[in-house]
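*Asks:* Got a structure for you, run_33.txt, holding compact mmCIF, C-alpha atoms.
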# COMPACT_ATOMS: atom_id res chain seq x y z
CA MET A 21 -25.81 87.32 -38.73
CA THR A 22 -25.22 85.51 -35.46
CA VAL A 23 -25.37 87.75 -32.42
CA ARG A 24 -22.12 87.77 -30.46
CA ILE A 25 -21.80 87.01 -26.75
CA GLY A 26 -19.22 87.26 -23.98
CA VAL A 27 -19.12 86.19 -20.34
CA GLU A 28 -17.56 87.63 -17.18
CA GLU A 29 -17.06 85.11 -14.38
CA GLU A 30 -16.17 85.87 -10.77
CA PHE A 31 -14.33 83.36 -8.59
CA HIS A 32 -13.73 82.93 -4.88
CA LEU A 33 -10.25 82.14 -3.58
CA VAL A 34 -10.10 79.42 -0.92
CA GLU A 35 -7.35 77.56 0.89
CA ILE A 36 -7.02 74.05 -0.47
CA GLU A 37 -6.47 72.52 2.97
CA THR A 38 -9.31 74.18 4.85
CA GLY A 39 -11.72 75.46 2.22
CA GLN A 40 -11.65 78.87 3.91
CA LEU A 41 -12.17 82.01 1.84
CA VAL A 42 -8.96 84.08 1.82
CA PRO A 43 -8.08 87.61 0.53
CA ARG A 44 -5.12 86.87 -1.75
CA ALA A 45 -6.20 88.06 -5.19
CA ASP A 46 -3.12 90.18 -5.85
CA GLU A 47 -0.85 87.16 -5.37
CA VAL A 48 -2.86 84.98 -7.73
CA LEU A 49 -3.19 87.66 -10.41
CA ALA A 50 0.47 88.73 -10.33
CA ASN A 51 1.48 86.65 -13.37
CA LEU A 52 -1.82 86.54 -15.23
CA PRO A 53 -2.75 88.81 -18.18
CA THR A 54 -4.68 91.87 -17.07
CA ASP A 55 -6.83 91.91 -20.20
CA THR A 56 -8.42 88.60 -19.12
CA PHE A 57 -8.13 88.51 -15.33
CA THR A 58 -8.72 91.31 -12.85
CA THR A 59 -9.55 92.17 -9.26
CA GLU A 60 -12.89 92.75 -7.58
CA LEU A 61 -13.93 94.95 -4.65
CA GLN A 62 -12.73 92.32 -2.19
CA GLN A 63 -9.36 90.58 -2.40
CA ALA A 64 -11.10 87.24 -1.84
CA ALA A 65 -12.40 87.25 -5.42
CA VAL A 66 -11.05 87.56 -8.96
CA GLU A 67 -12.75 88.06 -12.31
CA SER A 68 -12.17 86.44 -15.68
CA ASN A 69 -13.37 88.02 -18.95
CA SER A 70 -13.97 85.87 -22.00
CA ALA A 71 -13.34 86.90 -25.57
CA VAL A 72 -16.30 87.70 -27.82
CA HIS A 73 -17.87 84.61 -29.42
CA THR A 74 -20.47 83.67 -32.00
CA THR A 75 -20.87 80.01 -30.97
CA LEU A 76 -21.50 78.34 -27.64
CA ASP A 77 -18.80 75.75 -28.40
CA THR A 78 -16.04 78.34 -28.64
CA LEU A 79 -17.42 80.16 -25.60
CA TYR A 80 -17.27 76.93 -23.61
CA ASP A 81 -13.68 76.26 -24.69
CA ASP A 82 -12.74 79.81 -23.68
CA LEU A 83 -14.34 79.52 -20.22
CA VAL A 84 -12.72 76.14 -19.57
CA GLY A 85 -9.33 77.41 -20.68
CA SER A 86 -9.54 80.50 -18.46
CA ARG A 87 -10.62 78.42 -15.47
CA ARG A 88 -7.68 76.06 -15.92
CA ARG A 89 -5.23 78.93 -16.20
CA LEU A 90 -6.65 80.62 -13.11
CA ASP A 91 -6.68 77.36 -11.16
CA ARG A 92 -3.00 76.75 -11.95
CA ALA A 93 -2.12 80.23 -10.73
CA ALA A 94 -4.08 79.71 -7.51
CA SER A 95 -2.66 76.23 -6.91
CA ALA A 96 0.85 77.67 -6.91
CA HIS A 97 -0.14 79.51 -3.72
CA GLY A 98 -1.92 76.61 -2.03
CA LEU A 99 -5.30 77.95 -3.13
CA ALA A 100 -8.20 76.89 -5.30
CA VAL A 101 -10.86 78.86 -7.14
CA VAL A 102 -14.61 78.39 -6.79
CA ALA A 103 -17.22 79.67 -9.23
CA ALA A 104 -20.28 79.93 -6.96
CA GLY A 105 -22.45 82.66 -5.51
CA THR A 106 -20.95 82.08 -2.05
CA VAL A 107 -18.64 79.51 -0.50
CA PRO A 108 -19.64 77.57 2.63
CA LEU A 109 -16.64 78.61 4.72
CA ALA A 110 -16.45 82.39 4.42
CA ARG A 111 -15.63 84.47 7.49
CA PRO A 112 -15.47 88.22 8.14
CA ALA A 113 -11.66 88.06 8.14
CA ALA A 114 -11.80 87.43 4.38
CA SER A 115 -13.13 90.97 3.90
CA PHE A 116 -10.08 92.87 2.69
CA PRO A 117 -10.77 95.49 -0.02
CA THR A 118 -8.63 95.93 -3.10
CA ALA A 119 -6.58 99.12 -3.12
CA GLY A 120 -7.82 102.09 -5.13
CA LEU A 121 -9.79 105.29 -4.58
CA ARG A 122 -13.03 103.91 -6.04
CA TYR A 123 -13.01 100.83 -3.83
CA GLU A 124 -11.95 102.86 -0.80
CA HIS A 125 -14.92 105.16 -1.34
CA MET A 126 -17.29 102.19 -1.64
CA VAL A 127 -16.04 100.65 1.59
CA ASP A 128 -16.33 103.94 3.45
CA GLU A 129 -19.77 104.81 2.03
CA TYR A 130 -21.51 101.44 2.14
CA ARG A 131 -19.84 99.92 5.19
CA LEU A 132 -21.25 96.45 5.95
CA LEU A 133 -22.64 96.07 2.43
CA ALA A 134 -19.10 96.38 1.08
CA ASP A 135 -17.59 94.34 3.90
CA GLU A 136 -19.94 91.46 3.14
CA GLN A 137 -19.39 91.60 -0.62
CA LEU A 138 -17.97 88.08 -0.44
CA ILE A 139 -20.13 86.94 -3.33
CA CYS A 140 -19.56 86.08 -6.97
CA GLY A 141 -21.73 86.34 -10.06
CA ALA A 142 -21.70 85.47 -13.76
CA HIS A 143 -22.45 88.25 -16.24
CA VAL A 144 -23.37 87.77 -19.90
CA HIS A 145 -22.99 90.43 -22.62
CA VAL A 146 -25.01 90.17 -25.83
CA ASP A 147 -24.52 92.45 -28.83
CA VAL A 148 -27.27 94.92 -29.66
CA PRO A 149 -27.34 97.46 -32.52
CA ASP A 150 -27.31 100.57 -30.31
CA ARG A 151 -28.12 101.85 -26.82
CA ASP A 152 -31.70 102.84 -27.68
CA THR A 153 -32.34 99.25 -28.71
CA ALA A 154 -30.57 97.94 -25.62
CA VAL A 155 -32.89 99.93 -23.37
CA ARG A 156 -36.02 98.71 -25.17
CA VAL A 157 -34.84 95.08 -25.12
CA MET A 158 -33.97 95.42 -21.44
CA CYS A 159 -37.64 95.85 -20.59
CA GLU A 160 -38.73 93.01 -22.88
CA VAL A 161 -36.43 90.38 -21.36
CA SER A 162 -36.85 91.32 -17.69
CA PRO A 163 -39.83 89.01 -16.98
CA SER A 164 -37.74 85.91 -17.79
CA LEU A 165 -34.54 86.67 -15.91
CA HIS A 166 -35.52 85.00 -12.63
CA THR A 167 -35.58 81.67 -14.49
CA LEU A 168 -31.92 82.17 -15.40
CA LEU A 169 -31.20 82.88 -11.74
CA ALA A 170 -32.82 79.59 -10.76
CA LEU A 171 -30.62 77.72 -13.26
CA SER A 172 -27.48 79.36 -11.85
CA ALA A 173 -28.32 79.19 -8.12
CA SER A 174 -25.20 78.07 -6.26
CA SER A 175 -25.09 79.83 -2.89
CA PRO A 176 -26.95 77.93 -0.14
CA PHE A 177 -24.40 78.67 2.61
CA TRP A 178 -23.27 81.90 4.25
CA GLN A 179 -20.48 82.04 6.83
CA GLY A 180 -20.84 78.37 7.73
CA ALA A 181 -24.65 78.29 8.01
CA ASP A 182 -27.28 76.84 5.70
CA THR A 183 -29.47 79.80 4.73
CA GLY A 184 -32.36 77.72 3.41
CA TYR A 185 -31.97 79.55 0.08
CA ALA A 186 -30.61 78.32 -3.23
CA SER A 187 -29.10 81.76 -3.93
CA TRP A 188 -28.24 83.64 -0.78
CA ARG A 189 -26.00 85.79 -2.95
CA THR A 190 -29.19 87.30 -4.37
CA MET A 191 -30.38 88.29 -0.90
CA LEU A 192 -27.05 89.95 -0.13
CA TRP A 193 -26.81 91.60 -3.54
CA GLN A 194 -30.27 93.15 -3.42
CA ARG A 195 -29.34 95.26 -0.42
CA TRP A 196 -27.44 97.62 -2.74
CA PRO A 197 -29.46 100.72 -3.66
CA THR A 198 -29.43 100.03 -7.41
CA ALA A 199 -29.80 96.23 -7.41
CA GLY A 200 -32.80 94.15 -8.47
CA PRO A 201 -35.35 94.48 -11.30
CA ILE A 202 -35.19 97.56 -13.47
CA GLY A 203 -38.07 99.65 -14.80
CA CYS A 204 -38.89 100.51 -18.41
CA TYR A 205 -37.46 103.48 -20.32
CA ALA A 206 -38.41 104.84 -23.72
CA ASP A 207 -34.84 105.20 -24.95
CA ALA A 208 -31.20 105.57 -23.93
CA ASP A 209 -31.60 109.27 -23.09
CA ALA A 210 -34.32 108.46 -20.58
CA TYR A 211 -32.27 105.67 -19.02
CA ASP A 212 -29.07 107.75 -18.90
CA GLY A 213 -31.03 110.59 -17.34
CA ALA A 214 -32.20 108.27 -14.58
CA VAL A 215 -28.62 107.15 -13.96
CA ARG A 216 -27.45 110.78 -13.81
CA GLY A 217 -30.19 111.44 -11.28
CA LEU A 218 -28.89 108.63 -9.08
CA ILE A 219 -25.36 110.04 -9.31
CA ASP A 220 -26.56 113.58 -8.59
CA SER A 221 -28.45 112.29 -5.56
CA GLY A 222 -25.20 111.01 -4.10
CA VAL A 223 -26.53 107.46 -3.78
CA ILE A 224 -23.98 106.13 -6.29
CA SER A 225 -20.78 107.66 -7.58
CA ASP A 226 -20.62 106.44 -11.19
CA PRO A 227 -22.60 104.45 -13.82
CA GLY A 228 -20.63 101.33 -12.95
CA MET A 229 -22.57 101.18 -9.70
CA VAL A 230 -25.85 100.53 -11.49
CA TYR A 231 -26.35 96.94 -10.36
CA TYR A 232 -29.75 96.11 -11.85
CA ASP A 233 -30.50 92.56 -12.99
CA VAL A 234 -29.91 93.69 -16.57
CA ARG A 235 -28.43 96.91 -17.93
CA PRO A 236 -27.07 98.44 -21.14
CA SER A 237 -23.31 98.66 -21.05
CA ASP A 238 -22.03 102.20 -20.62
CA HIS A 239 -19.09 101.61 -22.98
CA LEU A 240 -20.09 98.71 -25.27
CA SER A 241 -23.00 98.08 -27.64
CA THR A 242 -24.23 95.25 -25.47
CA LEU A 243 -26.96 94.35 -23.04
CA GLU A 244 -25.54 92.86 -19.84
CA LEU A 245 -27.19 90.17 -17.71
CA ARG A 246 -26.24 90.50 -14.03
CA ILE A 247 -28.79 88.49 -12.06
CA CYS A 248 -27.01 85.13 -11.98
CA ASP A 249 -24.82 83.42 -9.42
CA ALA A 250 -21.39 82.31 -10.57
CA CYS A 251 -21.74 78.76 -11.88
CA PRO A 252 -19.52 75.88 -10.69
CA ARG A 253 -20.01 74.04 -13.98
CA ALA A 254 -18.87 75.92 -17.07
CA GLU A 255 -21.71 74.18 -18.91
CA THR A 256 -24.24 76.05 -16.77
CA ALA A 257 -22.62 79.38 -17.64
CA VAL A 258 -22.90 78.43 -21.32
CA LEU A 259 -26.56 77.43 -20.84
CA VAL A 260 -27.37 80.79 -19.26
CA ALA A 261 -25.46 82.62 -22.02
CA GLY A 262 -27.32 80.73 -24.73
CA LEU A 263 -30.72 81.40 -23.18
CA PHE A 264 -29.98 85.08 -22.60
CA ARG A 265 -28.83 85.51 -26.19
CA ALA A 266 -32.07 83.86 -27.33
CA LEU A 267 -34.11 86.19 -25.11
CA VAL A 268 -32.38 89.19 -26.68
CA VAL A 269 -32.78 87.87 -30.24
CA ASP A 270 -36.44 87.07 -29.60
CA ALA A 271 -37.03 90.56 -28.21
CA LEU A 272 -35.25 92.18 -31.18
CA GLN A 273 -37.45 90.29 -33.61
CA ARG A 274 -40.63 91.28 -31.79
CA LEU A 275 -39.59 94.93 -31.65
CA GLU A 276 -38.90 94.90 -35.39
CA THR A 277 -42.37 93.61 -36.23
CA SER A 278 -44.45 95.58 -33.72
CA ASP A 279 -44.44 99.08 -32.32
CA VAL A 280 -46.30 97.83 -29.26
CA PRO A 281 -44.03 96.44 -26.53
CA SER A 282 -45.03 93.12 -25.02
CA CYS A 283 -44.09 94.40 -21.55
CA ASP A 284 -46.95 96.14 -19.78
CA GLY A 285 -44.59 98.26 -17.69
CA ARG A 286 -45.61 96.55 -14.47
CA HIS A 287 -42.47 95.20 -12.84
CA GLU A 288 -43.51 95.06 -9.20
CA TRP A 289 -43.99 91.28 -9.48
CA LEU A 290 -40.43 90.74 -10.72
CA ARG A 291 -38.87 91.27 -7.30
CA ALA A 292 -41.19 88.62 -5.88
CA ALA A 293 -40.34 86.27 -8.76
CA THR A 294 -36.64 86.85 -8.13
CA TRP A 295 -37.09 86.08 -4.44
CA ARG A 296 -38.90 82.86 -5.34
CA ALA A 297 -36.07 81.78 -7.65
CA ALA A 298 -33.45 82.63 -5.03
CA ARG A 299 -35.34 80.65 -2.41
CA SER A 300 -36.15 77.58 -4.51
CA GLY A 301 -33.62 77.29 -7.31
CA LEU A 302 -34.67 74.34 -9.48
CA GLU A 303 -35.92 72.33 -6.53
CA GLY A 304 -39.22 74.11 -5.92
CA ALA A 305 -41.78 76.32 -7.60
CA LEU A 306 -41.03 79.38 -9.71
CA VAL A 307 -43.24 82.16 -11.02
CA ASP A 308 -44.26 81.44 -14.59
CA PRO A 309 -43.58 84.66 -16.57
CA GLU A 310 -46.48 83.90 -18.90
CA THR A 311 -49.18 83.46 -16.25
CA ARG A 312 -47.42 85.09 -13.27
CA GLN A 313 -48.65 82.10 -11.28
CA GLU A 314 -46.75 79.49 -9.33
CA ALA A 315 -45.45 76.60 -11.44
CA ALA A 316 -42.92 73.79 -11.14
CA ALA A 317 -39.39 74.87 -12.06
CA ALA A 318 -39.13 72.20 -14.76
CA ASP A 319 -42.32 73.47 -16.40
CA VAL A 320 -41.08 77.06 -16.37
CA VAL A 321 -37.69 76.11 -17.86
CA ARG A 322 -39.23 73.93 -20.57
CA GLY A 323 -41.78 76.65 -21.31
CA MET A 324 -38.92 79.08 -21.86
CA LEU A 325 -37.26 76.60 -24.23
CA ARG A 326 -40.45 76.23 -26.27
CA ARG A 327 -40.92 79.98 -26.57
CA LEU A 328 -37.30 80.59 -27.51
CA ARG A 329 -36.84 77.69 -29.91
CA PRO A 330 -36.94 79.86 -33.06
CA ALA A 331 -34.33 82.24 -31.63
CA LEU A 332 -32.19 79.36 -30.39
CA GLU A 333 -32.33 77.69 -33.80
CA ALA A 334 -31.44 80.95 -35.50
CA ASN A 335 -28.16 80.99 -33.60
CA GLY A 336 -27.55 77.24 -33.96
CA ASP A 337 -28.01 76.80 -30.20
CA TRP A 338 -31.14 74.66 -29.93
CA ASP A 339 -29.61 71.21 -29.54
CA THR A 340 -26.91 72.41 -27.12
CA VAL A 341 -29.21 74.50 -24.95
CA ARG A 342 -31.94 71.88 -24.81
CA ALA A 343 -29.44 69.18 -23.76
CA LEU A 344 -27.82 71.42 -21.13
CA ALA A 345 -31.23 72.47 -19.75
CA GLU A 346 -32.39 68.87 -19.42
CA ARG A 347 -29.16 67.96 -17.68
CA ALA A 348 -29.62 70.87 -15.29
CA LEU A 349 -33.15 69.72 -14.46
CA ARG A 350 -31.95 66.14 -14.00
CA ASP A 351 -28.94 66.98 -11.78
CA GLY A 352 -30.55 69.86 -9.88
CA SER A 353 -29.06 73.23 -9.13
CA ALA A 354 -25.50 73.63 -7.90
CA ALA A 355 -27.01 74.80 -4.61
CA HIS A 356 -28.79 71.46 -4.29
CA ARG A 357 -25.64 69.47 -5.07
CA ILE A 358 -23.49 71.47 -2.65
CA ARG A 359 -26.11 71.30 0.13
CA ARG A 360 -26.64 67.57 -0.34
CA THR A 361 -22.90 66.88 -0.17
CA ALA A 362 -22.50 69.04 2.96
CA GLU A 363 -25.42 67.30 4.65
CA HIS A 364 -24.02 63.84 3.92
CA GLU A 365 -20.48 64.80 4.93
CA ASP A 366 -19.51 68.32 5.98
CA LEU A 367 -19.02 71.87 4.71
CA LEU A 368 -15.51 71.12 3.51
CA ALA A 369 -16.86 68.34 1.30
CA GLY A 370 -19.38 70.81 -0.15
CA THR A 371 -16.53 73.20 -0.92
CA ASP A 372 -14.51 70.38 -2.49
CA LEU A 373 -17.44 69.59 -4.78
CA ALA A 374 -17.61 73.23 -5.91
CA ILE A 375 -13.84 73.24 -6.50
CA ALA A 376 -14.04 70.05 -8.56
CA GLU A 377 -16.93 71.31 -10.68
CA THR A 378 -15.13 74.61 -11.27
CA ARG A 379 -12.14 72.62 -12.49
CA GLY A 380 -14.37 70.58 -14.78
CA GLU A 381 -13.66 67.34 -12.93
CA ARG A 382 -16.32 64.65 -13.11
CA THR A 383 -15.73 63.52 -9.53
CA ARG A 384 -14.30 65.32 -6.52
CA ARG A 385 -11.28 63.93 -4.76
CA ARG A 386 -11.98 62.37 -1.41
CA ARG A 387 -10.01 63.71 1.52
CA PRO A 388 -8.60 61.32 4.11
CA THR A 389 -10.97 60.55 6.96
CA PRO A 390 -10.36 62.60 10.12
CA SER A 391 -8.72 59.60 11.80
CA ALA A 392 -6.22 59.24 8.96
CA ALA A 393 -5.62 62.90 8.15
CA PRO A 394 -3.14 65.09 10.05
CA LEU A 395 -5.22 67.23 12.38
CA THR A 396 -3.83 70.69 11.95
CA ALA A 397 -5.58 73.38 13.96
CA ALA A 398 -7.23 74.77 10.82
CA ARG A 399 -8.48 71.37 9.68
CA LEU A 400 -9.78 70.53 13.15
CA ASN A 401 -11.81 73.73 13.12
CA VAL A 402 -13.40 72.71 9.82
CA ILE A 403 -14.19 69.18 11.05
CA ASN A 404 -15.77 70.61 14.18
CA GLY A 405 -17.92 72.93 12.07
CA THR A 406 -16.32 76.19 13.24
CA LEU A 407 -14.73 78.89 11.16
CA GLY A 408 -11.60 79.22 13.20
CA THR A 409 -9.81 82.29 14.47
CA PRO A 410 -9.09 85.11 12.03
CA PRO A 411 -5.40 85.35 11.10
CA ALA A 412 -3.34 87.89 13.00
CA ALA A 413 -2.37 89.68 9.80
CA LEU A 414 -3.83 89.82 6.33
CA PRO A 415 -1.87 90.23 3.11
CA GLY A 416 -0.96 93.84 2.61
CA ALA A 417 -2.01 94.85 6.13
What would the structure in this file look like if it were written as structure tokens?

*Replies:*
Amino acid sequence: MTVRIGVEEEFHLVEIETGQLVPRADEVLANLPTDTFTTELQQAAVESNSAVHTTLDTLYDDLVGSRRRLDRAASAHGLAVVAAGTVPLARPAASFPTAGLRYEHMVDEYRLLADEQLICGAHVHVDVPDRDTAVRVMCEVSPSLHTLLALSASSPFWQGADTGYASWRTMLWQRWPTAGPIGCYADADAYDGAVRGLIDSGVISDPGMVYYDVRPSDHLSTLELRICDACPRAETAVLVAGLFRALVVDALQRLETSDVPSCDGRHEWLRAATWRAARSGLEGALVDPETRQEAAAADVVRGMLRRLRPALEANGDWDTVRALAERALRDGSAAHRIRRTAEHEDLLAGTDLAIAETRGERTRRRRPTPSAAPLTAARLNVINGTLGTPPAALPGA
């Protein structure tokens, strides 16, 4: 039986004219179905939840359809949506939390961490038989997750500055007390006990605040991947989903045939491997999970494909995933494409590229040159490379 998958995608909201991140989620979501689209901690982001799928083709169609529907809703308000870890033109004024006691507590407790939660990720759920199995598989797949991060890396800019990283979202995300690589647990009781300990310590308030790179769902029979940046191209999200499903299927098969886990329980190197992937994306070296040595990103990705081929073929994913992976290696990471465009033109052009890729457009529309375009104050700020003055009032203030 084919293992089912689902994807959650987070999107930034930006002004079409200026590319600036804006906190207007409630307006955009007002006429969208709540079972598919929802809010995030900050009003500058929205989330879309796919249906459950058995094939990558139907998953792709679902993601594309949801993106189009969300883009139409945003366009009605002069906005666009961007699936990326960060957007180039984000400013502190975009920090405006969504109403609700849980979010209010997070803002009060975590302060700047919550204020700077202007980031978006892509999460993949894969079916597992039960929570005990989910916990065992979680340990088995952890050594390969940084490669999926490198494939998804899409956040080179933060508040108008080039960070030098392919995924600056990862650097921001790992400041949370329960983010990053997770350890190994014997079963669900051991894992749940550790989560209860974190809640009892007062560090987090509920299981939903467990932000590890991978985790068993607390209400579904799934294992959830959380390490990845949001992906401008829907094809990249499908690639990551296909690879993660194969990692889970491969781990399930190994656990069925051996009582000895392949993981040695040593996860201290995973944080370093994650940092390397966040720094380099697909444009530099990664840590090979087999040797734990430095290796070219293309070699690590192709090595993963070779190892996972039986699992990919079992789900009918081999041809699709191989083609998408080779395209990703040929085109480079989204971070590379956005950075290259911004370097050749400006930050607004980098944002326009991310908007176009989120929409599924093959080419981005060219804006008029500064001499031909009307120079509103907001546009002049973007051309001059500044973020402008925060608005006097924010929605709902």

*Asks:* Give me the residues within 9 Å of Ser95 of chain A as a list in words, counting only C-alpha atoms and dropping any in the same chain fewer than 5 places off.

*Replies:* Ile36, Val48, Leu90, Ala100 and Val101 of chain A

*Asks:* Go through A:Arg387, A:Arg357, A:Ala142, A:Ser68 one by one, measure the shortest atom-to-atom distance of each to Arg88 of chain A using all atoms listed in the file, and give the residue with the smallest value.

*Replies:*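 Using all atoms listed in the file, the shortest distance to Arg88 of chain A belongs to A:Ser68.
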
*Asks:* Mind checking which residues fall within 6 Å of segment 41-46 of chain A, counting only C-alpha atoms, ignoring those fewer than 4 positions away in the same chain, and posting them as a list in words?

*Replies:*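 Final neighbour list, sorted by chain and number: Leu33, Val34, Ala50, Gln63, Ala64, Ala110 and Ala114 of chain A.
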
*Asks:* Grab the atom CA of Val321 of chain A to atom CA of Arg360 of chain A distance for me, in Å with one decimal place.

*Replies:*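 Separating atom CA of Val321 of chain A from atom CA of Arg360 of chain A is a distance of 22.4 Å.
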
*Asks:* Using only C-alpha atoms, can you list as number ranges by chain the residues within 10 Å of (-14.2, 86.9, -29.3)?

*Replies:* A: 24-26, 70-75, 78-79, 82

*Asks:* Show me, as JSON, numbers by chain, the residues that have an atom within 12 Å of Glu363 of chain A when counting all atoms listed in the file, minus same-chain residues fewer than 2 positions from it.

*Replies:* {"A": [108, 176, 177, 181, 182, 356, 357, 358, 359, 360, 361, 365, 366, 367, 368, 369, 370, 405]}

*Asks:* Taking all atoms listed in the file into account, name the residue in A:Met126, A:Ala354, A:Ala94, A:Cys140 that is nearest to Ala65 of chain A.

*Replies:*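 So, comparing all the options, the nearest one is A:Cys140.
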
*Asks:* Just the residues within 12 Å of Ala334 of chain A, please, counting all atoms listed in the file, with nothing from its chain fewer than 4 positions along; format it as a list in words.

*Replies:* Met21, Thr22, Val23, Thr74, Thr75, Gly262, Arg265, Ala266, Leu267, Val269, Asp270, Gln273, Leu328, Arg329, Pro330, Trp338 and Asp339 of chain A

*Asks:* Distance atom CA of Ala186 of chain A-atom CA of Gly141 of chain A, one decimal place?

*Replies:* 13.8 Å

*Asks:* Which one is closest to Phe264 of chain A: A:Arg216, A:His145, A:Arg384, A:Arg347? Count all atoms listed in the file.

*Replies:*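 When distances to Phe264 of chain A are compared using all atoms listed in the file, the smallest one comes from A:His145.
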
*Asks:* What is the distance, in Å and to one decimal place, between atom CA of Leu290 of chain A and atom CA of Cys248 of chain A?

*Replies:* 14.6 Å

*Asks:* Using all atoms listed in the file, which of the listed residues (A:Ala173, A:Ala93, A:Ala119, A:Cys204) sits closest to Gln62 of chain A?

*Replies:*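 So, comparing all the options, the nearest one is A:Ala119.
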
*Asks:* For Thr256 of chain A, find every residue with an atom within 12 Å (counting all atoms listed in the file), except residues of its own chain fewer than 4 positions away, and show them as a PyMOL selection string.

*Replies:* chain A and resi 27+29+76+79-80+83-84+103-104+142+168-174+248-252+260-263+340-349+351-354+377-378+380

*Asks:* Find the residues with any atom within 10 Å of (-37.6, 91.0, -30.4); use only C-alpha atoms and the coordinates as given in the file, and write the answer as a list of chain:residue names.

*Replies:*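 With a cut-off of 10 Å, the residues come to A:Thr153, A:Arg156, A:Val157, A:Glu160, A:Val161, A:Ala266, A:Leu267, A:Val268, A:Val269, A:Asp270, A:Ala271, A:Leu272, A:Gln273, A:Arg274, A:Leu275, A:Glu276, A:Thr277, A:Ser278, A:Pro281, A:Ser282, A:Ala331.
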
*Asks:* Ranking A:Asp209, A:Ala297, A:Leu61, A:Asn69 by minimum distance to Val127 of chain A and counting only C-alpha atoms, which one comes first?

*Replies:*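 Closest residue, counting only C-alpha atoms: A:Leu61.
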
*Asks:* Measuring between all atoms listed in the file, which one of A:Asp337, A:Arg327, A:Arg291, A:Arg122 shows the shortest distance to Gly228 of chain A?

*Replies:*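 Of A:Asp337, A:Arg327, A:Arg291, A:Arg122, the one nearest Gly228 of chain A is A:Arg122, counting all atoms listed in the file.
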